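Shown below: query.tsv, with TSV, C-alpha atoms.
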chain	number	residue	atom	x	y	z
A	1077	MET	CA	22.67	-138.36	-57.81
A	1078	GLN	CA	23.54	-135.58	-60.22
A	1079	VAL	CA	24.04	-132.05	-58.91
A	1080	THR	CA	25.03	-128.80	-60.57
A	1081	VAL	CA	27.82	-127.10	-58.64
A	1082	LEU	CA	28.30	-123.34	-59.01
A	1083	TYR	CA	31.31	-121.22	-58.02
A	1084	PHE	CA	31.46	-117.46	-57.57
A	1085	ALA	CA	34.06	-114.71	-57.16
A	1086	TRP	CA	37.62	-115.84	-56.26
A	1087	LEU	CA	36.43	-119.40	-55.83
A	1088	ARG	CA	35.35	-119.45	-59.51
A	1089	GLU	CA	38.70	-117.99	-60.54
A	1090	ARG	CA	40.68	-120.48	-58.48
A	1091	ILE	CA	38.74	-123.47	-59.82
A	1092	GLY	CA	38.78	-122.09	-63.35
A	1093	GLN	CA	35.11	-122.60	-64.19
A	1094	PRO	CA	31.77	-121.15	-63.09
A	1095	ARG	CA	29.89	-124.47	-62.94
A	1096	GLU	CA	30.19	-128.20	-63.30
A	1097	VAL	CA	27.77	-131.07	-63.19
A	1098	VAL	CA	28.92	-133.87	-60.90
A	1099	GLU	CA	27.72	-137.34	-60.06
A	1100	THR	CA	27.88	-137.80	-56.30
A	1101	GLY	CA	26.91	-140.13	-53.50
A	1102	ALA	CA	27.64	-137.49	-50.85
A	1103	ILE	CA	25.32	-137.39	-47.86
A	1104	THR	CA	26.30	-133.96	-46.55
A	1105	VAL	CA	27.71	-130.78	-48.06
A	1106	ALA	CA	31.03	-131.55	-46.35
A	1107	ASP	CA	31.12	-134.97	-48.10
A	1108	LEU	CA	30.57	-133.26	-51.44
A	1109	VAL	CA	33.35	-130.76	-50.66
A	1110	ALA	CA	35.74	-133.66	-49.99
A	1111	GLU	CA	34.87	-135.17	-53.38
A	1112	LEU	CA	35.25	-131.83	-55.19
A	1113	ALA	CA	38.56	-131.01	-53.46
A	1114	ALA	CA	40.01	-134.24	-54.91
A	1115	ARG	CA	39.21	-133.19	-58.49
A	1116	SER	CA	42.20	-130.92	-59.13
A	1117	GLU	CA	44.85	-128.80	-57.47
A	1118	GLY	CA	42.72	-125.73	-58.09
A	1119	HIS	CA	39.76	-127.37	-56.35
A	1120	ALA	CA	41.93	-128.42	-53.40
A	1121	LEU	CA	43.26	-124.89	-53.04
A	1122	ALA	CA	39.80	-123.35	-53.32
A	1123	PHE	CA	38.37	-125.60	-50.59
A	1124	ALA	CA	41.42	-125.47	-48.29
A	1125	ASP	CA	39.73	-123.22	-45.71
A	1126	LEU	CA	36.01	-123.76	-45.33
A	1127	THR	CA	35.67	-120.99	-42.73
A	1128	SER	CA	36.17	-118.53	-45.58
A	1129	LEU	CA	33.39	-120.09	-47.67
A	1130	ARG	CA	29.61	-120.10	-47.73
A	1131	VAL	CA	27.24	-122.58	-49.36
A	1132	ALA	CA	23.73	-122.38	-50.76
A	1133	LEU	CA	21.49	-125.37	-51.53
A	1134	ASP	CA	18.97	-124.65	-54.26
A	1135	GLN	CA	19.59	-120.93	-53.75
A	1136	GLU	CA	19.04	-120.95	-49.96
A	1137	LEU	CA	21.97	-120.32	-47.59
A	1138	SER	CA	22.95	-123.49	-45.77
A	1139	ASP	CA	26.01	-124.89	-43.99
A	1140	PHE	CA	28.63	-127.57	-44.49
A	1141	ALA	CA	27.09	-130.02	-42.03
A	1142	ALA	CA	23.72	-129.94	-43.79
A	1143	PRO	CA	22.46	-132.99	-45.67
A	1144	LEU	CA	22.45	-132.56	-49.44
A	1145	ALA	CA	19.05	-134.26	-49.46
A	1146	ALA	CA	17.41	-133.63	-52.82
A	1147	ALA	CA	19.31	-130.44	-53.67
A	1148	ARG	CA	19.88	-130.04	-57.41
A	1149	GLU	CA	22.02	-126.90	-57.31
A	1150	VAL	CA	24.87	-126.40	-54.84
A	1151	ALA	CA	26.69	-123.06	-54.87
A	1152	PHE	CA	29.97	-122.23	-53.12
A	1153	PHE	CA	31.20	-118.68	-52.63
A	1154	PRO	CA	33.12	-116.33	-50.33
A	1155	PRO	CA	31.26	-114.21	-47.76
A	1156	MET	CA	29.00	-111.79	-49.61
A	1157	THR	CA	29.84	-108.13	-50.14
A	1158	GLY	CA	26.64	-106.46	-51.30
A	1159	GLY	CA	25.24	-103.02	-50.59
D	19	MET	CA	7.35	-104.03	-52.75
D	20	ALA	CA	9.80	-103.98	-55.64
D	21	VAL	CA	13.21	-105.57	-56.17
D	22	ARG	CA	15.32	-104.86	-59.23
D	23	VAL	CA	18.71	-106.40	-59.97
D	24	GLN	CA	20.18	-104.84	-63.08
D	25	SER	CA	23.38	-103.84	-64.84
D	26	ALA	CA	21.90	-100.60	-66.23
D	27	PRO	CA	22.38	-97.31	-64.36
D	28	PHE	CA	19.38	-95.79	-62.57
D	29	ASP	CA	18.32	-92.27	-61.65
D	30	ALA	CA	17.95	-92.21	-57.86
D	31	GLY	CA	15.99	-88.93	-57.92
D	32	ALA	CA	13.49	-90.17	-60.47
D	33	GLU	CA	13.14	-93.47	-58.59
D	34	GLN	CA	12.43	-91.64	-55.33
D	35	ALA	CA	9.83	-89.39	-56.98
D	36	GLN	CA	8.07	-92.34	-58.54
D	37	PHE	CA	8.21	-94.28	-55.27
D	38	ALA	CA	6.66	-91.40	-53.33
D	39	ALA	CA	4.00	-90.79	-55.99
D	40	GLY	CA	2.62	-94.30	-55.48
D	41	LEU	CA	2.05	-93.93	-51.73
D	42	ARG	CA	-1.37	-93.57	-50.06
D	43	GLN	CA	-0.84	-93.44	-46.30
D	44	ALA	CA	2.83	-93.15	-45.46
D	45	GLY	CA	4.05	-90.13	-43.52
D	46	ALA	CA	7.73	-90.91	-43.97
D	47	VAL	CA	9.99	-91.91	-46.84
D	48	VAL	CA	13.66	-92.77	-46.30
D	49	THR	CA	16.00	-93.41	-49.20
D	50	PHE	CA	19.63	-94.47	-49.23
D	51	THR	CA	21.86	-94.51	-52.31
D	52	GLY	CA	25.24	-96.26	-52.28
D	53	LEU	CA	27.98	-94.96	-54.59
D	54	VAL	CA	31.26	-96.46	-55.78
D	55	ARG	CA	34.05	-94.93	-53.63
D	56	ASP	CA	37.15	-94.03	-55.60
D	57	ASN	CA	39.54	-94.94	-52.73
D	58	GLY	CA	41.43	-91.67	-52.94
D	59	GLY	CA	41.70	-91.76	-56.72
D	60	THR	CA	43.18	-95.27	-56.97
D	61	LEU	CA	40.07	-97.08	-58.19
D	62	ALA	CA	39.56	-97.42	-61.95
D	63	ALA	CA	36.38	-99.49	-61.78
D	64	MET	CA	34.39	-101.87	-59.65
D	65	GLU	CA	33.04	-105.17	-60.94
D	66	ILE	CA	30.08	-106.69	-59.16
D	67	GLU	CA	29.30	-110.36	-59.63
D	68	HIS	CA	26.07	-111.90	-58.41
D	69	TYR	CA	24.13	-115.16	-58.31
D	70	PRO	CA	21.18	-114.73	-60.70
D	71	GLY	CA	18.07	-116.26	-59.21
D	72	MET	CA	19.29	-116.43	-55.63
D	73	THR	CA	19.95	-112.68	-55.57
D	74	GLU	CA	16.34	-111.81	-56.35
D	75	ARG	CA	14.99	-114.45	-53.94
D	76	ALA	CA	17.26	-113.38	-51.09
D	77	ILE	CA	16.42	-109.69	-51.46
D	78	ALA	CA	12.68	-110.39	-51.79
D	79	ALA	CA	12.83	-112.35	-48.51
D	80	MET	CA	14.60	-109.44	-46.75
D	81	VAL	CA	12.05	-106.97	-48.05
D	82	GLU	CA	9.20	-109.17	-46.86
D	83	GLN	CA	10.78	-109.40	-43.41
D	84	ALA	CA	11.29	-105.63	-43.27
D	85	GLN	CA	7.72	-105.02	-44.33
D	86	ALA	CA	6.30	-107.25	-41.61
D	87	ARG	CA	8.63	-106.02	-38.89
D	88	PHE	CA	8.38	-102.27	-39.51
D	89	GLY	CA	4.86	-102.02	-40.96
D	90	LEU	CA	6.02	-100.61	-44.26
D	91	GLU	CA	3.54	-99.38	-46.82
D	92	ALA	CA	6.12	-99.81	-49.57
D	93	ALA	CA	9.77	-100.69	-50.12
D	94	LEU	CA	12.09	-100.59	-53.10
D	95	VAL	CA	15.53	-102.15	-53.56
D	96	ILE	CA	17.61	-101.59	-56.70
D	97	HIS	CA	21.04	-103.22	-56.89
D	98	ARG	CA	23.37	-103.15	-59.89
D	99	HIS	CA	25.91	-105.69	-61.10
D	100	GLY	CA	28.60	-105.60	-63.77
D	101	ARG	CA	31.25	-102.92	-64.27
D	102	LEU	CA	30.80	-99.58	-62.49
D	103	LEU	CA	32.90	-96.43	-62.40
D	104	PRO	CA	33.77	-94.31	-59.33
D	105	GLN	CA	30.82	-92.21	-58.08
D	106	GLU	CA	28.26	-94.26	-59.99
D	107	ALA	CA	25.27	-95.41	-57.93
D	108	ILE	CA	25.56	-99.09	-57.00
D	109	MET	CA	22.28	-99.52	-55.22
D	110	MET	CA	19.39	-97.80	-53.52
D	111	VAL	CA	16.85	-98.60	-50.87
D	112	ALA	CA	13.58	-96.74	-50.30
D	113	THR	CA	11.18	-97.39	-47.44
D	114	ALA	CA	7.80	-95.83	-46.66
D	115	ALA	CA	6.10	-96.09	-43.26
D	116	PRO	CA	3.55	-94.12	-41.23
D	117	HIS	CA	6.33	-92.58	-39.08
D	118	ARG	CA	10.03	-91.86	-39.63
D	119	ALA	CA	11.46	-94.17	-36.94
D	120	ASP	CA	10.17	-97.24	-38.76
D	121	ALA	CA	11.19	-95.93	-42.19
D	122	PHE	CA	14.77	-95.25	-40.98
D	123	ALA	CA	15.02	-98.57	-39.13
D	124	ALA	CA	13.71	-100.53	-42.12
D	125	ALA	CA	16.25	-98.86	-44.43
D	126	GLU	CA	19.09	-99.73	-42.00
D	127	PHE	CA	17.80	-103.27	-41.63
D	128	LEU	CA	17.72	-103.73	-45.42
D	129	MET	CA	21.19	-102.22	-45.82
D	130	ASP	CA	22.67	-104.48	-43.14
D	131	TYR	CA	21.14	-107.57	-44.74
D	132	LEU	CA	22.10	-106.56	-48.29
D	133	LYS	CA	25.74	-106.19	-47.18
D	134	SER	CA	26.10	-109.71	-45.81
D	135	ARG	CA	23.21	-111.83	-47.07
D	136	ALA	CA	22.61	-110.85	-50.69
D	137	PRO	CA	24.87	-112.85	-53.03
D	138	PHE	CA	26.97	-110.06	-54.52
D	139	TRP	CA	30.77	-109.95	-54.68
D	140	LYS	CA	32.73	-106.80	-55.38
D	141	LYS	CA	36.05	-106.65	-57.17
D	142	GLU	CA	38.09	-103.45	-57.20
D	143	ILE	CA	40.09	-102.75	-60.34
D	144	GLY	CA	43.02	-100.38	-59.79
D	145	ALA	CA	46.39	-99.53	-61.28
D	146	GLY	CA	47.96	-102.44	-59.39
D	147	GLY	CA	45.46	-105.04	-60.59
D	148	ALA	CA	42.20	-106.49	-59.38
D	149	VAL	CA	41.31	-107.37	-55.78
D	150	TRP	CA	38.19	-109.05	-54.41
D	151	VAL	CA	36.73	-106.99	-51.58
D	152	ALA	CA	36.80	-108.97	-48.32
D	153	ALA	CA	33.70	-109.09	-46.14
D	154	LYS	CA	34.10	-107.12	-42.92
D	155	ASP	CA	33.46	-108.59	-39.48
D	156	ALA	CA	31.69	-105.33	-38.63
D	157	ASP	CA	29.12	-106.01	-41.36
D	158	GLU	CA	28.42	-109.45	-39.93
D	159	ASP	CA	28.23	-107.99	-36.41
D	160	ALA	CA	25.73	-105.39	-37.63
D	161	LEU	CA	23.17	-108.15	-38.25
D	162	ARG	CA	23.12	-109.07	-34.56
D	163	ARG	CA	21.29	-105.90	-33.60
D	164	TRP	CA	18.22	-107.10	-35.49
Mind converting the file's structure to structure tokens?
Amino acid sequence: MQVTVLYFAWLRERIGQPREVVETGAITVADLVAELAARSEGHALAFADLTSLRVALDQELSDFAAPLAAAREVAFFPPMTGG
Amino acid sequence: MAVRVQSAPFDAGAEQAQFAAGLRQAGAVVTFTGLVRDNGGTLAAMEIEHYPGMTERAIAAMVEQAQARFGLEAALVIHRHGRLLPQEAIMMVATAAPHRADAFAAAEFLMDYLKSRAPFWKKEIGAGGAVWVAAKDADEDALRRW
């Protein structure tokens, strides 16, 4: 399955790109994170502490235990600071 | 109900006047405008990143919830992104309800949700470099009252 992965804020800076398209067999978000973390040192560093990260599946907030199901767009980012 | 996510500046006074002019039944309008704090003169600029698409969806969902919960006649959320200077307006919320308690509560509700559930990230640019603003536990705690 092909998914578009998006990164924002310091996560984007640490990984060095705003998006990448990946081929994955991951069942859950956590499985996908494990695959991404193995891609480079920057990825590993960015995903070192999942408690400081949030995830959205197809633009809806989700969590790391959630199944990827048919999600096409997976976004990772730090806790939001709007307002 | 209107949601605008934009990089351009806005005139909070003109927005409020236009918002009020469109009302038919409301007896109360509450507006809140958030400005860039200059951190005691140390801030050169603030950069706000967002997640195009999700930002609009997330805010529209909050506004819908606020409308249903507080019986709003109208609501407006404007939130900027990009590079902003100290004292520039970052965002505004306007709510209109039959009575003030609901208008105030709805504005607080929207502010609390915008802080922690709208996909924006602030970066402060100062003399010493750039720092991503960390989310505060207090902002997350504020959601529990709703």
Nearest to chain A, chosen from D:Met109, D:Ala84, D:Ala121, D:Ala156, with all atoms listed in the file counted in the distances
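Looking at the shortest contact to chain A, the residue is D:Met109.
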Tell me as a VMD selection string which residues belonging to chain D come within 7 Å of chain A, counting all atoms listed in the file.
chain D and resid 52 67 72 109 129 132 to 140 153
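Look at Gly146 (chain D): the protein and nucleic acid residues within 12 Å of it, using only C-alpha atoms and passing over chain neighbours fewer than 4 places away, are Thr60, Leu61, Ala62 and Glu142 of chain D.
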What would the file look like if the residues just selected were written as a PDB file, in the frame of the given file with C-alpha atoms?
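Final output, saved to part-v4.pdb:
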ATOM      1  CA  THR D  60      43.180 -95.270 -56.970  1.00  0.00           C
ATOM      2  CA  LEU D  61      40.070 -97.080 -58.190  1.00  0.00           C
ATOM      3  CA  ALA D  62      39.560 -97.420 -61.950  1.00  0.00           C
ATOM      4  CA  GLU D 142      38.090-103.450 -57.200  1.00  0.00           C
TER       5      GLU D 142
END
Computed interatomic separation between CA of Arg75 (chain D) and CA of Val1131 (chain A) (Å):
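Going from CA of Arg75 (chain D) over to CA of Val1131 (chain A), I get 15.4 Å.
For the pair CA of Thr1080 (chain A) and CA of Gly1101 (chain A), the separation is 13.5 Å.
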Work out how far apart CA of Phe37 (chain D) and CA of Arg87 (chain D) are and give it in Å to one decimal.
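Between CA of Phe37 (chain D) and CA of Arg87 (chain D) the gap works out to 20.2 Å.
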Please list as a list of chain:residue names every residue within 9 Å of Met1077 (chain A), counting all atoms listed in the file and excluding residues in the same chain fewer than 6 positions away.
A:Val1098, A:Glu1099, A:Thr1100, A:Gly1101, A:Ala1102, A:Ala1146, A:Arg1148
Neighbouring residues of Ala1122 (chain A) were defined as those with any atom within 12 Å, considering all atoms listed in the file; residues of the same chain fewer than 3 positions away were excluded. Please report them as a list in words.
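Residues meeting the cut-off are Tyr1083, Phe1084, Ala1085, Trp1086, Leu1087, Arg1088, Glu1089, Arg1090, Ile1091, Gly1092, Gln1093, Val1109, Ala1110, Leu1112, Ala1113, Ala1114, Arg1115, Ser1116, Glu1117, Gly1118, His1119, Asp1125, Leu1126, Thr1127, Ser1128, Leu1129, Phe1152, Phe1153 and Pro1154 of chain A.
For Val111 (chain D), the residues within 7 Å (counting all atoms listed in the file, excluding itself and residues fewer than 4 positions away along the chain) are Thr49, Phe50, Thr51, Leu94, Val95, Ile96 and Ala125 of chain D.
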